[in-house]
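This report concerns only the one structure given below.
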Amino acid sequence: MKKSPKRINLALQGGGAHGAFTWGVLDRLLDREDIEIAGVSGTSAGALNAAALKSGLVQCGRDGAKAALERVWTQMGGISDMRLNDWMAEFGPTTTIMAHVFRNSLPFAFFDALATVSSPYAYGPFYQNPLTPVVDELELELLCEGEGPELFISTTNVRTGKIRVFSGSEVTTDVILASACLPELFQAIEITDPVTGETDPYWDGGFTGNPALFPLFEPHLPQDVVIVNINPLERPGTPKTPEEIQNRINEISFNSSLLRELRAIQFVRDLIAEKRMPDGMMKDVLVHMVADDDLMQDLSARTKLAPTPLLLARLRKAGQAACDRFLDAHFDDLGERASVDLRAMFS
């Protein structure tokens, strides 16, 4: 008798062009008929990946999801032939060399300096969010369908400084643009609350939830939360140059909300294990992580803003390989036990 697929939730981090790593992870998960994605929480580039995943699944199943993800990243990188870039990724410069080129690129240095003295509001009526055409291709009306995984998109309310998670019919083009709205680059996205009628500006969800895990704790969703991590939790050495310092500040700030939630999960797990909480009062969440910290430590905040075709192809392949390693090592853990030792992480 055929076994039922293992049901998991996905938590997809944001990180600009580095989100192509998540594309590769999703590619591999969609190849596995023995895995079902029940819920997905995404932020920034993770929100784009999550929306493409669901709209494609609703429209044409697993093949539709793979095609929708490829369309998103083809547009992001201006890619004309993905197969050619996959081939070039095997023979092009190493990721370390590519990152070094971006770090020492005069145009990137110029734009870094410009961002400290300029504002996206300086463009006046000529401003246009470059992500709008990408998001418009996602057929967002499909996200309101009851089919496919439940979708949660994290944003940051600029007025209150609090996280706002949108789901179901709340997810619109503006919500996804808000989730990916870095204020140094894009004008804030204004969203009106249909209940209160109040309009607030929203920024990138990574400031307050990268990604938010708590929406995945609902009792009807599975225990397993697989985090696709594209911001390295650790980076050896002391940052010394201005670029190294800013890069590590970026990584720490965009991981802080995730680490807080993981600490809270471990706290609840300890209470459950010690019988200090009534059965069923809180959910025992099983945490897993797909990552490639060695690769991401070669990259930087600058490569997040550089969706070149070769870099995207390299990241996609790295995501596929990381997912293969994860499934080889931990497929049997799904539904049974966590594969991330949170206690060791915080010791």
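Starting from 1 in every chain, residues are counted up; chains themselves are A, B, ... following the order of the structure tokens, and ligands are numbered from 1 as listed.
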Close residues, Phe186 (chain A) itself excluded, 7 Å, only C-alpha atoms, min 3 positions apart in chain, as a list in words: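 Answer for this query is Pro120, Asn129, Cys181, Leu182 and Pro183 of chain A.
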Tell me which protein, DNA and RNA residues are within 8 Å of region 48-53 of chain A, counting only C-alpha atoms, leaving out same-chain ones fewer than 2 positions away, and put them as a PDB file with N, CA and C atoms, in the first residue's frame.
ATOM      1  N   LEU A  12      10.425  30.583   4.526  1.00  0.00           N
ATOM      2  CA  LEU A  12      11.367  31.029   3.506  1.00  0.00           C
ATOM      3  C   LEU A  12      11.904  32.413   3.826  1.00  0.00           C
ATOM      4  N   GLY A  19      17.701  34.741  -2.809  1.00  0.00           N
ATOM      5  CA  GLY A  19      16.481  33.933  -2.819  1.00  0.00           C
ATOM      6  C   GLY A  19      16.469  32.892  -3.922  1.00  0.00           C
ATOM      7  N   THR A  22      16.727  29.503  -2.552  1.00  0.00           N
ATOM      8  CA  THR A  22      15.443  28.927  -2.146  1.00  0.00           C
ATOM      9  C   THR A  22      14.710  28.355  -3.355  1.00  0.00           C
ATOM     10  N   TRP A  23      14.814  29.014  -4.490  1.00  0.00           N
ATOM     11  CA  TRP A  23      14.245  28.481  -5.726  1.00  0.00           C
ATOM     12  C   TRP A  23      14.757  27.064  -5.968  1.00  0.00           C
ATOM     13  N   VAL A  40       3.176  27.658   4.042  1.00  0.00           N
ATOM     14  CA  VAL A  40       4.430  28.324   3.694  1.00  0.00           C
ATOM     15  C   VAL A  40       4.371  29.771   4.152  1.00  0.00           C
ATOM     16  N   SER A  41       5.395  30.164   4.906  1.00  0.00           N
ATOM     17  CA  SER A  41       5.538  31.533   5.378  1.00  0.00           C
ATOM     18  C   SER A  41       6.756  32.137   4.693  1.00  0.00           C
ATOM     19  N   GLY A  42       6.583  33.309   4.067  1.00  0.00           N
ATOM     20  CA  GLY A  42       7.678  33.899   3.313  1.00  0.00           C
ATOM     21  C   GLY A  42       7.831  35.381   3.572  1.00  0.00           C
ATOM     22  N   THR A  43       9.062  35.849   3.438  1.00  0.00           N
ATOM     23  CA  THR A  43       9.382  37.258   3.615  1.00  0.00           C
ATOM     24  C   THR A  43      10.276  37.710   2.467  1.00  0.00           C
ATOM     25  N   SER A  44       9.984  38.880   1.910  1.00  0.00           N
ATOM     26  CA  SER A  44      10.824  39.500   0.886  1.00  0.00           C
ATOM     27  C   SER A  44      10.992  38.546  -0.297  1.00  0.00           C
ATOM     28  N   ALA A  45      12.227  38.160  -0.651  1.00  0.00           N
ATOM     29  CA  ALA A  45      12.406  37.198  -1.734  1.00  0.00           C
ATOM     30  C   ALA A  45      11.697  35.887  -1.402  1.00  0.00           C
ATOM     31  N   GLY A  46      11.619  35.556  -0.106  1.00  0.00           N
ATOM     32  CA  GLY A  46      10.868  34.377   0.314  1.00  0.00           C
ATOM     33  C   GLY A  46       9.389  34.509   0.026  1.00  0.00           C
ATOM     34  N   SER A  55       0.718  29.813  -6.382  1.00  0.00           N
ATOM     35  CA  SER A  55      -0.065  30.081  -7.595  1.00  0.00           C
ATOM     36  C   SER A  55       0.181  29.004  -8.641  1.00  0.00           C
ATOM     37  N   GLY A  56       1.436  28.549  -8.746  1.00  0.00           N
ATOM     38  CA  GLY A  56       1.728  27.491  -9.704  1.00  0.00           C
ATOM     39  C   GLY A  56       1.098  26.171  -9.328  1.00  0.00           C
ATOM     40  N   LEU A  57       1.129  25.821  -8.028  1.00  0.00           N
ATOM     41  CA  LEU A  57       0.508  24.582  -7.569  1.00  0.00           C
ATOM     42  C   LEU A  57      -0.989  24.574  -7.828  1.00  0.00           C
ATOM     43  N   ALA A  65       4.102  24.833 -10.479  1.00  0.00           N
ATOM     44  CA  ALA A  65       4.876  25.569  -9.475  1.00  0.00           C
ATOM     45  C   ALA A  65       6.314  25.750  -9.930  1.00  0.00           C
ATOM     46  N   LYS A  66       6.909  24.701 -10.501  1.00  0.00           N
ATOM     47  CA  LYS A  66       8.281  24.813 -10.995  1.00  0.00           C
ATOM     48  C   LYS A  66       8.379  25.861 -12.104  1.00  0.00           C
ATOM     49  N   ALA A  68       6.318  28.458 -12.553  1.00  0.00           N
ATOM     50  CA  ALA A  68       6.084  29.793 -11.998  1.00  0.00           C
ATOM     51  C   ALA A  68       7.339  30.328 -11.324  1.00  0.00           C
ATOM     52  N   LEU A  69       8.047  29.474 -10.600  1.00  0.00           N
ATOM     53  CA  LEU A  69       9.299  29.891  -9.954  1.00  0.00           C
ATOM     54  C   LEU A  69      10.344  30.274 -11.000  1.00  0.00           C
ATOM     55  N   VAL A  72       9.585  33.741 -12.391  1.00  0.00           N
ATOM     56  CA  VAL A  72       9.958  34.815 -11.471  1.00  0.00           C
ATOM     57  C   VAL A  72      11.441  35.131 -11.566  1.00  0.00           C
ATOM     58  N   VAL A 135       5.760  40.701  -9.898  1.00  0.00           N
ATOM     59  CA  VAL A 135       4.653  40.253  -9.043  1.00  0.00           C
ATOM     60  C   VAL A 135       3.356  40.148  -9.839  1.00  0.00           C
ATOM     61  N   LEU A 138       2.245  36.814 -11.341  1.00  0.00           N
ATOM     62  CA  LEU A 138       1.998  35.662 -10.471  1.00  0.00           C
ATOM     63  C   LEU A 138       0.539  35.206 -10.423  1.00  0.00           C
ATOM     64  N   LEU A 140      -2.219  36.522  -8.886  1.00  0.00           N
ATOM     65  CA  LEU A 140      -2.446  36.469  -7.444  1.00  0.00           C
ATOM     66  C   LEU A 140      -3.866  36.066  -7.068  1.00  0.00           C
ATOM     67  N   LEU A 143      -4.056  32.883  -5.347  1.00  0.00           N
ATOM     68  CA  LEU A 143      -3.629  32.748  -3.960  1.00  0.00           C
ATOM     69  C   LEU A 143      -4.808  32.719  -3.003  1.00  0.00           C
ATOM     70  N   LEU A 151      -0.806  30.204   2.821  1.00  0.00           N
ATOM     71  CA  LEU A 151       0.243  31.167   2.519  1.00  0.00           C
ATOM     72  C   LEU A 151       0.223  32.309   3.528  1.00  0.00           C
ATOM     73  N   ILE A 176       2.881  41.742  -1.366  1.00  0.00           N
ATOM     74  CA  ILE A 176       4.160  41.117  -1.718  1.00  0.00           C
ATOM     75  C   ILE A 176       5.223  42.175  -1.959  1.00  0.00           C
TER      76      ILE A 176
END
Selection near Gly15 (chain A), 10 Å with only C-alpha atoms, sequence-local residues under 6 positions removed, as a VMD selection string: chain A and resid 21 to 22 43 to 46 180 206 210 229 to 231 250 to 251 254 301 303 to 305
For the selection just defined, write its residues with all heavy atoms to a file, as a compact mmCIF listing (two decimals), in the first residue's frame.
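Final output, part-v1.txt:
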# COMPACT_ATOMS: atom_id res chain seq x y z
N PHE A 21 18.63 30.70 -4.20
CA PHE A 21 18.98 29.47 -3.48
C PHE A 21 17.70 28.75 -3.06
O PHE A 21 17.58 27.52 -3.22
CB PHE A 21 19.82 29.83 -2.25
CG PHE A 21 20.16 28.67 -1.36
CD1 PHE A 21 21.29 27.89 -1.60
CD2 PHE A 21 19.38 28.35 -0.26
CE1 PHE A 21 21.62 26.82 -0.77
CE2 PHE A 21 19.69 27.29 0.57
CZ PHE A 21 20.81 26.52 0.32
N THR A 22 16.73 29.50 -2.55
CA THR A 22 15.44 28.93 -2.15
C THR A 22 14.71 28.36 -3.35
O THR A 22 14.03 27.32 -3.24
CB THR A 22 14.59 30.00 -1.45
OG1 THR A 22 15.32 30.53 -0.36
CG2 THR A 22 13.27 29.43 -0.97
N THR A 43 9.06 35.85 3.44
CA THR A 43 9.38 37.26 3.61
C THR A 43 10.28 37.71 2.47
O THR A 43 11.22 37.00 2.10
CB THR A 43 10.12 37.49 4.95
OG1 THR A 43 9.26 37.16 6.03
CG2 THR A 43 10.56 38.94 5.09
N SER A 44 9.98 38.88 1.91
CA SER A 44 10.82 39.50 0.89
C SER A 44 10.99 38.55 -0.30
O SER A 44 10.01 38.14 -0.91
CB SER A 44 12.16 39.92 1.50
OG SER A 44 12.83 40.84 0.70
N ALA A 45 12.23 38.16 -0.65
CA ALA A 45 12.41 37.20 -1.73
C ALA A 45 11.70 35.89 -1.40
O ALA A 45 11.21 35.19 -2.30
CB ALA A 45 13.90 36.94 -1.98
N GLY A 46 11.62 35.56 -0.11
CA GLY A 46 10.87 34.38 0.31
C GLY A 46 9.39 34.51 0.03
O GLY A 46 8.70 33.52 -0.26
N ALA A 180 8.88 42.96 0.32
CA ALA A 180 10.22 43.07 -0.28
C ALA A 180 10.69 44.52 -0.39
O ALA A 180 11.57 44.82 -1.18
CB ALA A 180 10.20 42.42 -1.66
N GLY A 206 11.50 41.55 6.61
CA GLY A 206 12.68 41.02 7.25
C GLY A 206 13.08 41.75 8.52
O GLY A 206 13.76 41.17 9.38
N ASN A 210 11.73 37.24 9.71
CA ASN A 210 12.44 36.77 8.51
C ASN A 210 12.78 35.28 8.60
O ASN A 210 13.94 34.91 8.80
CB ASN A 210 13.72 37.58 8.32
CG ASN A 210 14.34 37.36 6.96
OD1 ASN A 210 13.67 37.00 6.00
ND2 ASN A 210 15.65 37.56 6.87
N ASN A 229 17.22 28.78 5.04
CA ASN A 229 17.99 29.89 5.60
C ASN A 229 19.01 30.40 4.58
O ASN A 229 19.84 29.63 4.09
CB ASN A 229 18.71 29.41 6.86
CG ASN A 229 19.46 30.51 7.56
OD1 ASN A 229 20.59 30.79 7.22
ND2 ASN A 229 18.81 31.16 8.53
N ILE A 230 18.92 31.69 4.25
CA ILE A 230 19.87 32.26 3.28
C ILE A 230 20.67 33.41 3.87
O ILE A 230 21.42 34.08 3.15
CB ILE A 230 19.17 32.70 1.97
CG1 ILE A 230 18.05 33.70 2.23
CG2 ILE A 230 18.61 31.48 1.24
CD1 ILE A 230 17.40 34.23 0.95
N ASN A 231 20.50 33.66 5.17
CA ASN A 231 21.34 34.63 5.88
C ASN A 231 22.16 33.85 6.89
O ASN A 231 21.60 33.31 7.85
CB ASN A 231 20.49 35.67 6.60
CG ASN A 231 19.81 36.62 5.65
OD1 ASN A 231 20.44 37.42 4.98
ND2 ASN A 231 18.49 36.51 5.55
N ASN A 250 23.72 43.72 8.67
CA ASN A 250 22.56 43.30 7.87
C ASN A 250 22.16 41.88 8.22
O ASN A 250 20.97 41.58 8.44
CB ASN A 250 22.90 43.43 6.39
CG ASN A 250 21.82 42.92 5.45
OD1 ASN A 250 21.67 41.73 5.24
ND2 ASN A 250 21.06 43.85 4.89
N GLU A 251 23.14 40.98 8.31
CA GLU A 251 22.84 39.57 8.61
C GLU A 251 22.28 39.41 10.01
O GLU A 251 21.30 38.67 10.22
CB GLU A 251 24.11 38.73 8.44
CG GLU A 251 24.56 38.58 7.01
CD GLU A 251 25.93 37.93 6.88
OE1 GLU A 251 26.65 37.82 7.89
OE2 GLU A 251 26.29 37.55 5.75
N PHE A 254 18.70 40.86 10.28
CA PHE A 254 17.68 40.09 9.54
C PHE A 254 17.54 38.66 10.06
O PHE A 254 16.66 37.94 9.63
CB PHE A 254 17.99 40.10 8.04
CG PHE A 254 17.42 41.30 7.34
CD1 PHE A 254 17.98 42.55 7.50
CD2 PHE A 254 16.30 41.19 6.54
CE1 PHE A 254 17.46 43.66 6.88
CE2 PHE A 254 15.75 42.30 5.91
CZ PHE A 254 16.34 43.55 6.08
N ALA A 301 26.03 41.53 1.32
CA ALA A 301 24.84 42.34 1.07
C ALA A 301 24.82 42.86 -0.36
O ALA A 301 23.74 43.09 -0.93
CB ALA A 301 24.77 43.50 2.06
N THR A 303 25.86 41.27 -3.12
CA THR A 303 25.39 40.26 -4.06
C THR A 303 23.88 40.04 -3.94
O THR A 303 23.26 39.55 -4.87
CB THR A 303 26.14 38.93 -3.88
OG1 THR A 303 26.09 38.54 -2.49
CG2 THR A 303 27.59 39.06 -4.30
N LYS A 304 23.31 40.43 -2.79
CA LYS A 304 21.85 40.35 -2.67
C LYS A 304 21.17 41.28 -3.67
O LYS A 304 20.02 41.06 -4.06
CB LYS A 304 21.42 40.73 -1.25
CG LYS A 304 21.77 39.72 -0.18
CD LYS A 304 21.29 40.18 1.18
CE LYS A 304 21.63 39.17 2.27
NZ LYS A 304 21.17 39.61 3.61
N LEU A 305 21.86 42.34 -4.06
CA LEU A 305 21.29 43.34 -4.95
C LEU A 305 21.77 43.17 -6.39
O LEU A 305 21.60 44.07 -7.20
CB LEU A 305 21.67 44.76 -4.45
CG LEU A 305 21.25 45.08 -3.02
CD1 LEU A 305 21.74 46.47 -2.64
CD2 LEU A 305 19.74 44.98 -2.85
Which of region 43-290 of chain A fall in alpha helix (DSSP H), as a ChimeraX atom specification: /A:45-77,82-91,95-103,106-117,132-136,173-179,242-273
Two-atom distance - CA of Phe346 (chain A), CA of Phe267 (chain A) (Å):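 The value is 11.0 Å.
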Contacts of region 158-166 of chain A at 7 Å (only C-alpha atoms; same-chain gap of 2+ positions) as a PyMOL selection string: chain A and resi 152-156+170-171+200-203+205+208-209
Could those selected residues go to a file with all heavy atoms, as a short mmCIF file (atom, residue, chain, number, x, y, z; two decimals), in the first residue's frame?
data_model
loop_
_atom_site.label_atom_id
_atom_site.label_comp_id
_atom_site.auth_asym_id
_atom_site.auth_seq_id
_atom_site.Cartn_x
_atom_site.Cartn_y
_atom_site.Cartn_z
N PHE A 152 1.41 32.65 4.04
CA PHE A 152 1.55 33.74 5.01
C PHE A 152 2.71 34.64 4.56
O PHE A 152 3.82 34.16 4.34
CB PHE A 152 1.84 33.19 6.41
CG PHE A 152 0.83 32.17 6.88
CD1 PHE A 152 1.08 30.82 6.71
CD2 PHE A 152 -0.36 32.57 7.47
CE1 PHE A 152 0.15 29.86 7.13
CE2 PHE A 152 -1.29 31.63 7.88
CZ PHE A 152 -1.04 30.28 7.72
N ILE A 153 2.43 35.94 4.44
CA ILE A 153 3.42 36.89 3.95
C ILE A 153 3.68 37.93 5.05
O ILE A 153 2.75 38.60 5.52
CB ILE A 153 2.94 37.60 2.67
CG1 ILE A 153 2.62 36.58 1.58
CG2 ILE A 153 3.99 38.61 2.20
CD1 ILE A 153 3.80 35.77 1.11
N SER A 154 4.95 38.09 5.43
CA SER A 154 5.32 39.01 6.51
C SER A 154 5.72 40.38 5.96
O SER A 154 6.45 40.48 4.97
CB SER A 154 6.50 38.44 7.31
OG SER A 154 6.16 37.21 7.89
N THR A 155 5.25 41.43 6.65
CA THR A 155 5.61 42.81 6.34
C THR A 155 5.87 43.54 7.64
O THR A 155 5.56 43.04 8.73
CB THR A 155 4.47 43.53 5.59
OG1 THR A 155 3.34 43.62 6.46
CG2 THR A 155 4.06 42.80 4.32
N THR A 156 6.43 44.74 7.54
CA THR A 156 6.67 45.58 8.71
C THR A 156 5.86 46.85 8.60
O THR A 156 6.01 47.61 7.63
CB THR A 156 8.16 45.93 8.85
OG1 THR A 156 8.93 44.73 8.97
CG2 THR A 156 8.41 46.81 10.06
N GLU A 170 -6.12 38.27 1.79
CA GLU A 170 -5.42 39.52 2.09
C GLU A 170 -4.19 39.73 1.21
O GLU A 170 -3.71 40.85 1.06
CB GLU A 170 -4.96 39.54 3.55
CG GLU A 170 -6.06 39.49 4.59
CD GLU A 170 -5.47 39.42 5.99
OE1 GLU A 170 -4.44 38.73 6.18
OE2 GLU A 170 -6.05 40.05 6.89
N VAL A 171 -3.67 38.65 0.64
CA VAL A 171 -2.43 38.73 -0.13
C VAL A 171 -2.71 39.33 -1.51
O VAL A 171 -3.43 38.77 -2.32
CB VAL A 171 -1.77 37.35 -0.27
CG1 VAL A 171 -0.49 37.47 -1.10
CG2 VAL A 171 -1.44 36.78 1.11
N ASP A 200 -1.66 52.59 6.20
CA ASP A 200 -0.33 52.64 6.80
C ASP A 200 0.73 52.32 5.76
O ASP A 200 0.49 51.55 4.82
CB ASP A 200 -0.21 51.63 7.95
CG ASP A 200 -0.81 52.14 9.25
OD1 ASP A 200 -0.72 53.35 9.52
OD2 ASP A 200 -1.38 51.32 9.99
N PRO A 201 1.94 52.87 5.94
CA PRO A 201 3.06 52.48 5.08
C PRO A 201 3.70 51.19 5.60
O PRO A 201 3.77 50.96 6.81
CB PRO A 201 4.02 53.66 5.21
CG PRO A 201 3.76 54.21 6.58
CD PRO A 201 2.31 53.95 6.87
N TYR A 202 4.20 50.38 4.66
CA TYR A 202 4.83 49.11 5.02
C TYR A 202 6.19 48.98 4.37
O TYR A 202 6.40 49.41 3.23
CB TYR A 202 3.94 47.93 4.61
CG TYR A 202 2.73 47.77 5.48
CD1 TYR A 202 1.56 48.50 5.24
CD2 TYR A 202 2.74 46.90 6.57
CE1 TYR A 202 0.46 48.37 6.06
CE2 TYR A 202 1.63 46.75 7.39
CZ TYR A 202 0.50 47.49 7.14
OH TYR A 202 -0.60 47.35 7.95
N TRP A 203 7.13 48.37 5.13
CA TRP A 203 8.47 48.07 4.65
C TRP A 203 8.72 46.57 4.66
O TRP A 203 7.85 45.78 5.05
CB TRP A 203 9.51 48.74 5.55
CG TRP A 203 9.72 50.21 5.29
CD1 TRP A 203 9.33 50.94 4.21
CD2 TRP A 203 10.41 51.13 6.16
NE1 TRP A 203 9.72 52.25 4.35
CE2 TRP A 203 10.38 52.40 5.53
CE3 TRP A 203 11.04 51.00 7.41
CZ2 TRP A 203 10.97 53.53 6.10
CZ3 TRP A 203 11.62 52.12 7.98
CH2 TRP A 203 11.59 53.37 7.32
N GLY A 205 9.46 42.86 5.34
CA GLY A 205 9.11 42.06 6.50
C GLY A 205 10.31 41.51 7.25
O GLY A 205 10.19 41.09 8.40
N THR A 208 11.15 42.51 10.96
CA THR A 208 10.37 42.04 12.11
C THR A 208 10.06 40.54 12.06
O THR A 208 9.66 39.98 13.07
CB THR A 208 9.04 42.81 12.21
OG1 THR A 208 8.40 42.82 10.91
CG2 THR A 208 9.27 44.25 12.66
N GLY A 209 10.24 39.90 10.91
CA GLY A 209 9.96 38.47 10.82
C GLY A 209 10.57 37.88 9.57
O GLY A 209 10.00 38.03 8.49
#
Selection near Phe217 (chain A), 12 Å with only C-alpha atoms, sequence-local residues under 6 positions removed, as a ChimeraX atom specification: /A:8-11,38-41,152,223-225,261,265,268,281-287
Using only C-alpha atoms, what table do you get, as CSV, when you list each residue of region 252-307 of chain A with an atom no more than 12 Å from region 311-326 of chain A, its nearest pair of atoms, and their distance in Å rounded to one decimal, rows by chain then rising number?
residue,atom,partner,partner_atom,distance
A:His288,CA,A:Phe326,CA,9.0
A:Met289,CA,A:Phe326,CA,8.1
A:Val290,CA,A:Cys323,CA,6.3
A:Ala291,CA,A:Ala322,CA,6.4
A:Asp292,CA,A:Ala322,CA,6.5
A:Asp293,CA,A:Ala322,CA,10.3
A:Asp294,CA,A:Ala318,CA,10.7
A:Leu295,CA,A:Ala318,CA,8.1
A:Met296,CA,A:Leu315,CA,9.4
A:Asp298,CA,A:Leu315,CA,11.8
A:Leu299,CA,A:Leu311,CA,10.3
A:Thr303,CA,A:Leu311,CA,8.4
A:Lys304,CA,A:Leu311,CA,9.9
A:Leu305,CA,A:Leu311,CA,11.0
A:Ala306,CA,A:Leu311,CA,8.1
A:Pro307,CA,A:Leu312,CA,6.2
Distance criterion (only C-alpha atoms): nearest to Asp136 (chain A) out of A:Thr173, A:Gly197, A:Pro149, A:Glu218: A:Thr173
Of the listed residues A:Ala344, A:Leu30, A:Leu131, A:Leu221, that which approaches Trp73 (chain A) most closely, counting only C-alpha atoms: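 Going through A:Ala344, A:Leu30, A:Leu131, A:Leu221 one by one, the smallest distance to Trp73 (chain A) is for A:Leu131.
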Those in region 78-291 of chain A with strand (DSSP E or B) from DSSP, as a PyMOL selection string: chain A and resi 150-157+163-167+189-192+199-204+224-228+286-290
How would the residues just chosen look if you wrote them out with N, CA and C atoms as a compact mmCIF listing (two decimals), in the first residue's frame?
# COMPACT_ATOMS: atom_id res chain seq x y z
N GLU A 150 -1.32 26.71 2.66
CA GLU A 150 -1.71 27.99 3.24
C GLU A 150 -0.52 28.94 3.14
N LEU A 151 -0.81 30.20 2.82
CA LEU A 151 0.24 31.17 2.52
C LEU A 151 0.22 32.31 3.53
N PHE A 152 1.41 32.65 4.04
CA PHE A 152 1.55 33.74 5.01
C PHE A 152 2.71 34.64 4.56
N ILE A 153 2.43 35.94 4.44
CA ILE A 153 3.42 36.89 3.95
C ILE A 153 3.68 37.93 5.05
N SER A 154 4.95 38.09 5.43
CA SER A 154 5.32 39.01 6.51
C SER A 154 5.72 40.38 5.96
N THR A 155 5.25 41.43 6.65
CA THR A 155 5.61 42.81 6.34
C THR A 155 5.87 43.54 7.64
N THR A 156 6.43 44.74 7.54
CA THR A 156 6.67 45.58 8.71
C THR A 156 5.86 46.85 8.60
N ASN A 157 4.98 47.09 9.58
CA ASN A 157 4.20 48.33 9.62
C ASN A 157 5.13 49.46 10.07
N ILE A 163 5.29 43.64 13.27
CA ILE A 163 5.08 42.73 12.14
C ILE A 163 3.60 42.67 11.80
N ARG A 164 3.30 42.54 10.51
CA ARG A 164 1.94 42.29 10.05
C ARG A 164 2.02 41.13 9.07
N VAL A 165 1.33 40.06 9.38
CA VAL A 165 1.32 38.88 8.52
C VAL A 165 0.00 38.83 7.77
N PHE A 166 0.08 38.82 6.46
CA PHE A 166 -1.10 38.74 5.60
C PHE A 166 -1.28 37.29 5.13
N SER A 167 -2.53 36.87 4.98
CA SER A 167 -2.79 35.50 4.53
C SER A 167 -4.07 35.46 3.72
N ILE A 189 5.19 50.94 0.72
CA ILE A 189 3.93 50.52 0.11
C ILE A 189 2.80 50.84 1.08
N GLU A 190 1.85 51.61 0.63
CA GLU A 190 0.71 51.97 1.49
C GLU A 190 -0.42 50.98 1.31
N ILE A 191 -0.90 50.44 2.43
CA ILE A 191 -1.96 49.44 2.41
C ILE A 191 -3.06 49.89 3.36
N THR A 192 -4.29 49.82 2.91
CA THR A 192 -5.44 50.22 3.71
C THR A 192 -6.08 49.02 4.38
N THR A 199 -4.93 53.72 6.58
CA THR A 199 -3.87 53.41 5.64
C THR A 199 -2.51 53.61 6.30
N ASP A 200 -1.66 52.59 6.20
CA ASP A 200 -0.33 52.64 6.80
C ASP A 200 0.73 52.32 5.76
N PRO A 201 1.94 52.87 5.94
CA PRO A 201 3.06 52.48 5.08
C PRO A 201 3.70 51.19 5.60
N TYR A 202 4.20 50.38 4.66
CA TYR A 202 4.83 49.11 5.02
C TYR A 202 6.19 48.98 4.37
N TRP A 203 7.13 48.37 5.13
CA TRP A 203 8.47 48.07 4.65
C TRP A 203 8.72 46.57 4.66
N ASP A 204 9.92 46.20 4.28
CA ASP A 204 10.36 44.81 4.20
C ASP A 204 10.04 44.05 5.49
N ASP A 224 6.14 19.76 11.53
CA ASP A 224 7.45 20.04 10.95
C ASP A 224 7.50 21.41 10.27
N VAL A 225 8.49 22.21 10.66
CA VAL A 225 8.75 23.50 10.01
C VAL A 225 10.17 23.43 9.42
N VAL A 226 10.25 23.47 8.10
CA VAL A 226 11.54 23.43 7.42
C VAL A 226 11.90 24.87 7.03
N ILE A 227 12.95 25.39 7.65
CA ILE A 227 13.39 26.76 7.39
C ILE A 227 14.44 26.72 6.28
N VAL A 228 14.23 27.52 5.24
CA VAL A 228 15.25 27.69 4.21
C VAL A 228 16.00 28.97 4.54
N LEU A 286 8.62 20.71 15.36
CA LEU A 286 9.85 20.03 14.95
C LEU A 286 10.55 20.89 13.91
N VAL A 287 11.71 21.42 14.27
CA VAL A 287 12.41 22.38 13.42
C VAL A 287 13.50 21.69 12.60
N HIS A 288 13.53 22.05 11.31
CA HIS A 288 14.55 21.58 10.39
C HIS A 288 15.09 22.79 9.63
N MET A 289 16.27 22.67 9.06
CA MET A 289 16.84 23.80 8.33
C MET A 289 17.61 23.31 7.12
N VAL A 290 17.36 23.97 5.99
CA VAL A 290 18.14 23.75 4.77
C VAL A 290 18.97 25.01 4.54
Among listed residues A:Phe126, A:Leu334, A:Phe214, A:Ala47, nearest Asp174 (chain A) (using only C-alpha atoms): A:Ala47
